[in-house]
$ cat input-v1.cif   # mmCIF, C-alpha atoms and all ligand atoms
data_model
loop_
_atom_site.label_atom_id
_atom_site.label_comp_id
_atom_site.auth_asym_id
_atom_site.auth_seq_id
_atom_site.Cartn_x
_atom_site.Cartn_y
_atom_site.Cartn_z
CA MET J 1 13.86 0.37 15.29
CA ASN J 2 14.70 -3.29 15.70
CA LEU J 3 11.42 -5.06 16.54
CA GLN J 4 12.99 -8.50 16.35
CA LYS J 5 15.58 -7.56 18.94
CA LEU J 6 12.81 -6.12 21.10
CA GLU J 7 10.96 -9.44 20.96
CA GLU J 8 14.12 -11.25 22.08
CA LEU J 9 14.76 -8.79 24.92
CA LEU J 10 11.22 -9.28 26.21
CA LYS J 11 11.23 -13.08 25.94
CA LYS J 12 11.56 -13.61 29.70
CA GLU J 13 9.16 -10.83 30.70
CA PRO J 14 5.65 -11.73 31.91
CA GLY J 15 2.76 -11.45 29.46
CA PHE J 16 1.29 -8.35 31.08
CA ARG J 17 4.64 -6.52 30.73
CA ILE J 18 4.87 -7.39 27.05
CA LYS J 19 1.32 -6.05 26.60
CA GLN J 20 2.29 -2.80 28.35
CA ILE J 21 5.20 -2.34 26.00
CA GLU J 22 3.21 -3.23 22.92
CA ARG J 23 0.61 -0.71 24.00
CA ALA J 24 3.26 1.98 24.37
CA ILE J 25 4.57 1.33 20.86
CA TYR J 26 1.45 0.51 18.85
CA LYS J 27 -1.35 2.35 20.64
CA ASP J 28 0.21 5.25 22.54
CA PHE J 29 2.89 5.71 19.86
CA TYR J 30 5.62 6.66 22.32
CA GLU J 31 8.84 7.89 20.76
CA ASN J 32 10.93 7.70 23.90
CA TRP J 33 11.30 4.86 26.40
CA LYS J 34 11.58 7.43 29.21
CA ASP J 35 7.85 8.10 28.77
CA LEU J 36 7.03 4.54 29.89
CA THR J 37 6.78 5.37 33.55
CA ASN J 38 4.75 2.21 34.30
CA ILE J 39 7.60 -0.25 33.76
CA PRO J 40 10.60 -0.92 36.07
CA ILE J 41 13.45 1.56 35.65
CA LYS J 42 15.95 -1.26 35.08
CA LEU J 43 13.98 -2.59 32.09
CA ARG J 44 13.43 0.92 30.83
CA ASP J 45 17.17 1.54 30.85
CA ILE J 46 17.87 -1.70 29.01
CA LEU J 47 15.28 -0.81 26.36
CA ASN J 48 16.63 2.69 26.13
CA ASN J 49 20.17 1.42 25.52
CA GLU J 50 19.24 -1.40 23.15
CA ILE J 51 16.26 -0.27 21.06
CA ASP J 52 16.12 3.06 19.31
CA LEU J 53 12.48 4.14 19.06
CA SER J 54 13.22 7.03 16.72
CA ILE J 55 12.34 6.91 13.03
CA ASN J 56 14.46 8.96 10.65
CA GLY J 57 11.84 10.62 8.48
CA ARG J 58 10.86 13.91 6.95
CA ILE J 59 7.41 15.10 5.88
CA PHE J 60 6.36 17.01 2.76
CA GLN J 61 2.88 18.51 2.51
CA SER J 62 0.91 18.90 -0.71
CA ASP J 63 -0.66 22.23 -1.68
CA ASP J 64 -4.17 20.84 -1.08
CA LEU J 65 -3.14 20.01 2.54
CA HIS J 66 -4.82 16.62 2.18
CA SER J 67 -1.79 14.49 1.50
CA LEU J 68 1.61 14.16 3.06
CA LYS J 69 4.61 12.31 1.80
CA ALA J 70 7.25 11.01 4.18
CA LEU J 71 10.79 10.14 3.23
CA ILE J 72 12.06 7.54 5.65
CA LYS J 73 15.72 6.63 5.84
CA LEU J 74 16.42 2.99 6.69
CA ASP J 75 19.41 1.70 8.66
CA ASP J 76 21.37 0.88 5.49
CA GLY J 77 20.85 4.42 4.16
CA ILE J 78 18.15 3.57 1.60
CA THR J 79 15.30 6.06 1.56
CA ILE J 80 11.73 4.92 1.00
CA GLU J 81 8.55 6.90 0.54
CA THR J 82 5.21 6.63 2.28
CA VAL J 83 2.10 8.67 1.68
CA LEU J 84 -0.70 9.72 4.01
CA LEU J 85 -4.02 10.69 2.45
CA MET J 86 -6.36 12.62 4.73
CA HIS J 87 -9.91 12.39 3.45
CA ARG J 88 -12.49 15.01 4.35
CA GLU J 89 -14.79 12.55 6.14
CA GLY J 90 -12.06 11.74 8.69
CA ARG J 91 -10.57 8.69 7.03
CA ASN J 92 -6.76 8.62 7.07
CA THR J 93 -5.24 6.21 4.61
CA ILE J 94 -1.57 5.38 4.63
CA CYS J 95 0.01 4.04 1.47
CA VAL J 96 3.04 1.96 2.40
CA SER J 97 6.01 0.77 0.35
CA SER J 98 6.84 -2.93 0.47
CA GLN J 99 10.07 -2.90 -1.52
CA ALA J 100 12.83 -0.37 -2.10
CA GLY J 101 12.30 0.22 -5.81
CA CYS J 102 10.61 -2.31 -8.04
CA ALA J 103 11.82 -4.88 -10.53
CA LEU J 104 8.73 -4.87 -12.70
CA GLY J 105 9.29 -1.76 -14.81
CA CYS J 106 5.72 -0.71 -15.67
CA THR J 107 6.14 2.06 -18.25
CA PHE J 108 3.80 4.52 -16.52
CA CYS J 109 5.51 4.24 -13.12
CA LYS J 110 8.40 6.26 -11.75
CA THR J 111 9.21 3.62 -9.14
CA GLY J 112 9.61 1.11 -11.96
CA ASP J 113 12.22 3.40 -13.59
CA LEU J 114 14.44 3.07 -10.51
CA GLY J 115 14.91 -0.65 -10.65
CA PHE J 116 14.94 -2.93 -7.63
CA LYS J 117 17.11 -2.41 -4.53
CA ARG J 118 15.72 -4.88 -2.02
CA ASN J 119 12.69 -6.23 -0.21
CA LEU J 120 11.68 -4.37 2.93
CA LYS J 121 11.62 -6.29 6.18
CA ALA J 122 8.26 -6.42 7.96
CA GLU J 123 9.50 -3.96 10.57
CA GLU J 124 10.54 -1.54 7.81
CA ILE J 125 6.97 -1.57 6.54
CA ILE J 126 5.62 -1.28 10.09
CA ILE J 127 7.73 1.80 10.89
CA GLN J 128 6.05 3.61 8.00
CA VAL J 129 2.71 3.12 9.75
CA LEU J 130 4.23 4.10 13.11
CA PHE J 131 5.75 7.24 11.62
CA PHE J 132 2.42 8.63 10.45
CA SER J 133 0.58 7.28 13.52
CA ARG J 134 2.87 9.44 15.65
CA TYR J 135 2.25 12.43 13.39
CA LEU J 136 -1.54 11.96 13.52
CA LYS J 137 -1.48 11.49 17.30
CA SER J 138 -0.15 15.04 17.60
CA HIS J 139 -3.22 16.11 15.58
CA ASN J 140 -5.65 14.01 17.68
CA SER J 141 -6.25 11.65 14.82
CA LYS J 142 -5.23 8.16 13.72
CA ILE J 143 -4.72 5.90 10.74
CA THR J 144 -7.93 4.21 9.68
CA ASN J 145 -6.89 2.42 6.48
CA VAL J 146 -3.70 0.93 5.09
CA VAL J 147 -2.99 0.28 1.43
CA PHE J 148 0.03 -1.57 0.09
CA MET J 149 0.31 0.61 -2.99
CA GLY J 150 3.61 2.42 -2.49
CA MET J 151 6.96 1.41 -3.94
CA GLY J 152 7.26 -2.21 -5.00
CA GLU J 153 5.18 -5.31 -5.63
CA PRO J 154 3.94 -6.50 -2.20
CA LEU J 155 3.21 -10.04 -3.35
CA LEU J 156 6.86 -10.49 -4.39
CA ASN J 157 7.73 -9.78 -0.76
CA TYR J 158 4.97 -12.07 0.43
CA ASP J 159 6.19 -13.18 3.88
CA ASN J 160 7.06 -9.67 5.06
CA PHE J 161 3.81 -8.32 3.61
CA LEU J 162 1.80 -10.98 5.43
CA SER J 163 3.65 -10.50 8.74
CA THR J 164 2.89 -6.79 8.50
CA VAL J 165 -0.81 -7.45 7.87
CA LYS J 166 -0.87 -9.56 11.04
CA VAL J 167 0.68 -6.74 13.10
CA LEU J 168 -1.72 -4.20 11.61
CA ASN J 169 -4.70 -6.40 12.42
CA ASP J 170 -3.55 -7.57 15.88
CA GLU J 171 -5.91 -6.10 18.46
CA ASP J 172 -3.00 -5.61 20.88
CA LYS J 173 -1.09 -3.69 18.22
CA PHE J 174 -2.59 -1.39 15.55
CA ASN J 175 -5.99 -3.12 15.65
CA ILE J 176 -6.89 -2.10 12.08
CA GLY J 177 -9.69 -4.26 10.69
CA GLN J 178 -8.82 -6.59 7.82
CA ARG J 179 -11.41 -4.91 5.62
CA LYS J 180 -9.54 -1.63 6.10
CA ILE J 181 -6.36 -3.14 4.66
CA SER J 182 -5.81 -3.37 0.90
CA VAL J 183 -3.07 -4.82 -1.22
CA SER J 184 -2.41 -3.84 -4.78
CA THR J 185 -0.62 -6.23 -7.10
CA SER J 186 0.53 -6.11 -10.68
CA GLY J 187 -0.96 -9.59 -10.97
CA ILE J 188 1.31 -12.29 -9.54
CA THR J 189 -1.29 -15.00 -10.01
CA GLU J 190 0.14 -17.78 -7.82
CA LYS J 191 0.46 -15.32 -4.92
CA ILE J 192 -3.10 -14.07 -5.43
CA ARG J 193 -4.22 -17.68 -5.04
CA MET J 194 -1.98 -18.13 -2.00
CA LEU J 195 -3.45 -15.00 -0.43
CA ALA J 196 -6.96 -16.26 -1.14
CA ASP J 197 -6.13 -19.38 0.88
CA GLU J 198 -4.94 -17.38 3.93
CA ASN J 199 -8.50 -17.02 5.15
CA LEU J 200 -8.24 -13.23 5.42
CA GLN J 201 -10.73 -10.52 4.55
CA ILE J 202 -8.33 -7.94 3.16
CA ASN J 203 -9.12 -6.08 -0.05
CA LEU J 204 -7.39 -7.04 -3.24
CA ALA J 205 -6.62 -4.53 -5.99
CA VAL J 206 -5.17 -5.72 -9.27
CA SER J 207 -3.39 -3.45 -11.74
CA VAL J 208 -5.05 -4.55 -14.94
CA ASN J 209 -4.42 -1.46 -17.09
CA ALA J 210 -5.40 -3.10 -20.36
CA SER J 211 -8.14 -5.07 -22.02
CA ASN J 212 -5.91 -7.72 -23.61
CA ASP J 213 -2.46 -9.27 -23.44
CA GLU J 214 -1.04 -7.28 -26.37
CA ILE J 215 -1.70 -3.90 -24.75
CA ARG J 216 -0.79 -5.13 -21.29
CA LYS J 217 2.59 -6.41 -22.48
CA LYS J 218 3.39 -2.97 -23.94
CA ILE J 219 3.03 -1.24 -20.58
CA MET J 220 3.61 -4.00 -18.02
CA PRO J 221 6.52 -6.37 -18.78
CA ILE J 222 5.13 -8.78 -16.15
CA ALA J 223 2.30 -9.52 -18.59
CA ASP J 224 4.77 -11.66 -20.58
CA LYS J 225 4.65 -14.13 -17.71
CA TYR J 226 1.04 -13.83 -16.53
CA LYS J 227 -1.63 -13.94 -19.22
CA PHE J 228 -4.81 -11.91 -18.94
CA ASN J 229 -7.06 -14.99 -18.70
CA GLU J 230 -4.86 -16.53 -16.05
CA LEU J 231 -5.03 -13.28 -14.10
CA LEU J 232 -8.82 -13.13 -14.28
CA SER J 233 -9.01 -16.74 -13.17
CA ALA J 234 -6.85 -15.94 -10.09
CA VAL J 235 -9.11 -12.95 -9.34
CA LYS J 236 -12.16 -15.23 -9.60
CA TYR J 237 -10.52 -17.65 -7.18
CA TYR J 238 -9.87 -14.80 -4.70
CA ILE J 239 -13.52 -13.77 -4.92
CA GLU J 240 -14.74 -17.36 -4.46
CA LYS J 241 -12.61 -17.85 -1.37
CA THR J 242 -13.13 -14.45 0.29
CA ASN J 243 -16.39 -13.14 -1.15
CA ARG J 244 -14.66 -9.74 -1.32
CA ARG J 245 -15.21 -7.33 -4.19
CA VAL J 246 -11.95 -6.88 -6.07
CA MET J 247 -10.74 -3.55 -7.41
CA LEU J 248 -9.34 -3.60 -10.94
CA GLU J 249 -7.02 -0.64 -11.32
CA TYR J 250 -6.82 0.89 -14.77
CA VAL J 251 -4.32 3.68 -15.45
CA LEU J 252 -5.69 5.46 -18.53
CA LEU J 253 -2.90 6.24 -21.01
CA LYS J 254 -3.60 8.39 -24.02
CA GLY J 255 -3.91 6.42 -27.25
CA ILE J 256 -2.70 3.22 -25.59
CA ASN J 257 -5.58 1.87 -23.53
CA ASP J 258 -8.12 4.71 -23.34
CA LEU J 259 -10.07 4.01 -26.53
CA PRO J 260 -13.74 3.00 -26.74
CA GLU J 261 -12.81 -0.47 -28.04
CA ASN J 262 -10.63 -0.98 -24.94
CA ALA J 263 -13.57 -0.12 -22.69
CA GLU J 264 -15.81 -2.51 -24.66
CA GLU J 265 -13.31 -5.36 -24.55
CA LEU J 266 -12.64 -4.89 -20.84
CA SER J 267 -16.37 -4.80 -20.07
CA LYS J 268 -16.92 -8.06 -21.93
CA LYS J 269 -14.11 -9.81 -20.06
CA ILE J 270 -15.09 -8.77 -16.54
CA LYS J 271 -18.87 -8.85 -16.85
CA GLY J 272 -20.42 -10.76 -13.95
CA LEU J 273 -17.27 -10.60 -11.83
CA LEU J 274 -17.62 -9.25 -8.27
CA CYS J 275 -15.36 -6.29 -9.01
CA PHE J 276 -15.20 -2.63 -9.86
CA VAL J 277 -12.85 -0.68 -12.07
CA ASN J 278 -10.80 2.13 -10.54
CA LEU J 279 -9.93 4.50 -13.37
CA ILE J 280 -6.71 6.44 -12.83
CA PRO J 281 -6.09 9.02 -15.55
CA PHE J 282 -2.29 9.13 -15.94
CA ASN J 283 -1.00 12.23 -14.17
CA GLY J 284 2.77 11.82 -14.48
CA GLU J 285 5.24 14.23 -16.04
CA ASP J 286 4.94 12.92 -19.60
CA GLN J 287 2.12 15.10 -20.95
CA ASP J 288 1.77 12.90 -24.06
CA LYS J 289 0.50 10.04 -21.90
CA ARG J 290 -2.23 12.06 -20.17
CA PRO J 291 -5.65 11.02 -21.53
CA LEU J 292 -8.04 13.62 -22.94
CA THR J 293 -11.11 14.37 -20.83
CA LYS J 294 -13.39 13.37 -23.72
CA ASN J 295 -11.73 9.93 -23.89
CA ILE J 296 -12.06 9.46 -20.14
CA ASN J 297 -15.74 10.37 -20.33
CA GLU J 298 -16.34 8.06 -23.31
CA PHE J 299 -14.56 5.23 -21.46
CA LYS J 300 -16.78 5.77 -18.42
CA LYS J 301 -19.91 5.91 -20.59
CA ILE J 302 -19.14 2.51 -22.10
CA LEU J 303 -18.53 0.96 -18.67
CA LEU J 304 -21.83 2.45 -17.53
CA ILE J 305 -23.75 1.08 -20.53
CA ASN J 306 -22.26 -2.35 -19.84
CA ARG J 307 -23.24 -2.07 -16.15
CA ILE J 308 -19.63 -2.26 -14.96
CA SER J 309 -19.13 -0.44 -11.65
CA PHE J 310 -16.29 2.03 -11.62
CA THR J 311 -14.75 4.89 -9.67
CA GLN J 312 -12.23 7.51 -10.67
CA ARG J 313 -9.31 8.11 -8.38
CA HIS J 314 -8.71 11.62 -7.07
CA LYS J 315 -5.36 13.09 -7.98
CA PHE J 316 -4.16 13.40 -4.41
CA GLY J 317 -0.74 14.88 -3.84
CA ALA J 318 0.47 15.15 -7.42
CA ASP J 319 2.47 18.29 -6.53
CA ILE J 320 4.65 16.43 -4.02
CA ALA J 321 5.04 13.42 -6.32
CA ALA J 322 2.89 11.36 -4.01
CA ALA J 323 0.35 10.18 -6.54
CA CYS J 324 0.18 6.62 -7.84
CA GLY J 325 3.34 5.46 -9.59
CA GLN J 326 5.32 8.53 -8.55
CA LEU J 327 7.18 7.25 -5.54
CA VAL J 328 10.97 7.28 -5.86
CA PHE J 329 14.09 7.17 -3.70
CA SER J 330 15.10 10.61 -2.62
CA LYS J 331 18.33 11.92 -1.18
CA ASP J 332 16.42 14.95 0.05
CA ILE J 333 16.18 14.00 3.72
S1 LIG J 401 3.29 0.10 -10.94
FE1 LIG J 401 3.78 -1.13 -9.14
S2 LIG J 401 4.50 -3.07 -10.04
FE2 LIG J 401 4.60 -1.58 -11.69
S3 LIG J 401 6.70 -0.77 -11.60
FE3 LIG J 401 5.41 0.59 -10.36
S4 LIG J 401 5.63 -0.17 -8.27
FE4 LIG J 401 6.32 -1.81 -9.65
#

$ encode --input "input-v1.cif" --output "C-alpha cells"
Amino acid sequence: MNLQKLEELLKKEPGFRIKQIERAIYKDFYENWKDLTNIPIKLRDILNNEIDLSINGRIFQSDDLHSLKALIKLDDGITIETVLLMHREGRNTICVSSQAGCALGCTFCKTGDLGFKRNLKAEEIIIQVLFFSRYLKSHNSKITNVVFMGMGEPLLNYDNFLSTVKVLNDEDKFNIGQRKISVSTSGITEKIRMLADENLQINLAVSVNASNDEIRKKIMPIADKYKFNELLSAVKYYIEKTNRRVMLEYVLLKGINDLPENAEELSKKIKGLLCFVNLIPFNGEDQDKRPLTKNINEFKKILLINRISFTQRHKFGADIAAACGQLVFSKDI
C-alpha cells in the first residue's frame, strides 16, 4: 500500500474528501476501494487502479489464544513479523517491527542473529497496525496500545519511527493517545535525548539487561559505544523533559546477570530514578540461558528490599515464537 502515492493523488482534492478517505483507511479499515460508496465513482476508480489496499499477511495463533503473530510480506519480498497481544481486560497491544532484522546482535535475541536487511519505511510500519486493526474489526475490537518492540532498533530508524508515531496519534487517523504508545531502545543515547526534546508523552523503555558495563558488553555489543552511566544520564534527561516513568527492561540470563550482586548493583544505580524494572526471564530455545526460579525470586526480593518498583513480563506467545527477542524473517507465508 503506497501511502505516499495516495497523498500525491489526493493533493488537489478538497479537505473534506481527504478526511473521508483517511476515515475509510484509518478508522473504518476498509480493504477495498469499492466499499467507499460516499466518494465520486471517478475518484474511486482512480484509487482502485493506483493504490492497492491489500496487505499480504498471514496470521499464526498461539496455544493460549491470547497472542497472534502476523507475517507480512513487503513489496520487495522481505517478510517482517508483528505481534498482537490480547489482554484479558480488553487491551489489545500491537508490537511492531521498525527494521527488517537488526544490526545490533544482542546475544539473547533471535532477530539479532539475522543481521540487518534494511530500515522500514513509515508506511511499512503503519501497515502492520492496519493489518491487525482490520483483523480486530472483524472481532468487534480495536488496537488500544502500540509498542515498538518488534524486529529492529526503532531509534536507528528515527525519522520513520517518528512519522509513524504522528500517524498513530493523529485524531483523524488511528487516534491512539501518546501515552498508549511505547518505544523500546537498546540505548542509543543521543536519540533518547532527541526524543525527549520532541515534546511528546510517549513511553520510553530501555533495554538495560545488566548492572554494569562489563556484563552489558558481553550480551549487548552496543554497550561498547554507549556506557552505562551515559545511558542513565540520557534516561534522566528523558524523565526531566517528559515527566514520564521509564521502563528499564532486564532480560534475566542464567549465571550472567541474574545473581544477587547484580540486583544489588542495579538497585544502587537506579535508586531515586522515576522508573521501574521489567524483568523478562529468558525464554528462548537455549535452555542453559533460562534463569532458575529461585534466582528470579531472589532478584525480585532484592529489588523489593531496595524499594525498586518492578514487574515481570508474561510469557505471551512463546509457542509461536512471538515472545520478546524471537521475531525472525520467515519464508512461511
Ligand atoms: S534485542 Fe532489540 S536491539 Fe538487540 S538485537 Fe534484538 S532487536 Fe536488535

$ residues_around --input "input-v1.cif" --residues "Tyr226 (chain J)" --least-positions-apart "2" --cutoff "8 Å" --atoms "all atoms listed in the file" --output "ChimeraX atom specification"
/J:187-189,222-224,228,230-231

$ closest_residue --input "input-v1.cif" --among "J:Arg17, J:Lys110, J:Lys300, J:Lys227" --to "ligand LIG 401 (chain J)" --atoms "all atoms listed in the file"
J:Lys110

$ atom_distance --input "input-v1.cif" --atom1 "CA of Pro221 (chain J)" --atom2 "CA of Phe116 (chain J)"
14.4 Å

$ atom_distance --input "input-v1.cif" --atom1 "CA of Ala263 (chain J)" --atom2 "CA of Ala205 (chain J)"
18.6 Å

$ residues_near_ligand --input "input-v1.cif" --ligand "ligand LIG 401 (chain J)" --cutoff "9 Å" --atoms "only C-alpha atoms and all ligand atoms" --output "JSON, numbers by chain"
{"J": [97, 99, 101, 102, 103, 104, 105, 106, 107, 108, 109, 110, 111, 112, 113, 114, 115, 116, 149, 150, 151, 152, 153, 154, 184, 185, 186, 187, 207, 220, 221, 222, 324, 325, 326, 327]}

$ closest_residue --input "input-v1.cif" --among "J:Val146, J:Leu304, J:Ile256, J:Leu85" --to "Asn212 (chain J)" --atoms "only C-alpha atoms"
J:Ile256

$ closest_residue --input "input-v1.cif" --among "J:Lys27, J:Arg313, J:Lys12, J:Lys225" --to "Lys137 (chain J)" --atoms "only C-alpha atoms"
J:Lys27

$ closest_atom_pairs --input "input-v1.cif" --of "region 118-148 of chain J" --to "region 31-45 of chain J" --cutoff "12 Å" --atoms "all atoms listed in the file" --output "Markdown table"
| residue | atom | partner | partner_atom | distance |
| --- | --- | --- | --- | --- |
| J:Ile127 | CA | J:Glu31 | CA | 11.7 |
| J:Leu130 | CA | J:Glu31 | CA | 9.7 |
| J:Phe131 | CA | J:Glu31 | CA | 9.7 |
| J:Ser133 | CA | J:Glu31 | CA | 11.0 |
| J:Arg134 | CA | J:Glu31 | CA | 8.0 |
| J:Tyr135 | CA | J:Glu31 | CA | 10.9 |
| J:Lys137 | CA | J:Glu31 | CA | 11.5 |
| J:Ser138 | CA | J:Glu31 | CA | 11.9 |

$ atom_distance --input "input-v1.cif" --atom1 "CA of Asp288 (chain J)" --atom2 "CA of Met247 (chain J)"
26.5 Å

$ closest_residue --input "input-v1.cif" --among "J:Leu120, J:Ile78, J:Val251, J:Ile72" --to "Arg290 (chain J)" --atoms "only C-alpha atoms"
J:Val251

$ closest_residue --input "input-v1.cif" --among "J:Tyr158, J:Phe60, J:Phe310, J:Phe174" --to "Thr82 (chain J)" --atoms "all atoms listed in the file"
J:Phe60

$ axis_aligned_box --input "input-v1.cif" --around "region 289-293 of chain J" --padding-each-side "5 Å" --output "lines of an AutoDock Vina configuration file"
center_x = -5.3
center_y = 12.2
center_z = -21.6
size_x = 21.6
size_y = 14.3
size_z = 12.8

$ closest_residue --input "input-v1.cif" --among "J:Asn160, J:Ser267, J:Asn145, J:Asn262" --to "Leu303 (chain J)" --atoms "all atoms listed in the file"
J:Ser267

$ residues_around --input "input-v1.cif" --residues "Asp159 (chain J)" --least-positions-apart "6" --cutoff "10 Å" --atoms "only C-alpha atoms" --output "PDB file with C-alpha atoms, in the frame of the given file"
ATOM      1  CA  LYS J 121      11.620  -6.290   6.180  1.00  0.00           C
ATOM      2  CA  ALA J 122       8.260  -6.420   7.960  1.00  0.00           C
ATOM      3  CA  VAL J 165      -0.810  -7.450   7.870  1.00  0.00           C
TER       4      VAL J 165
END
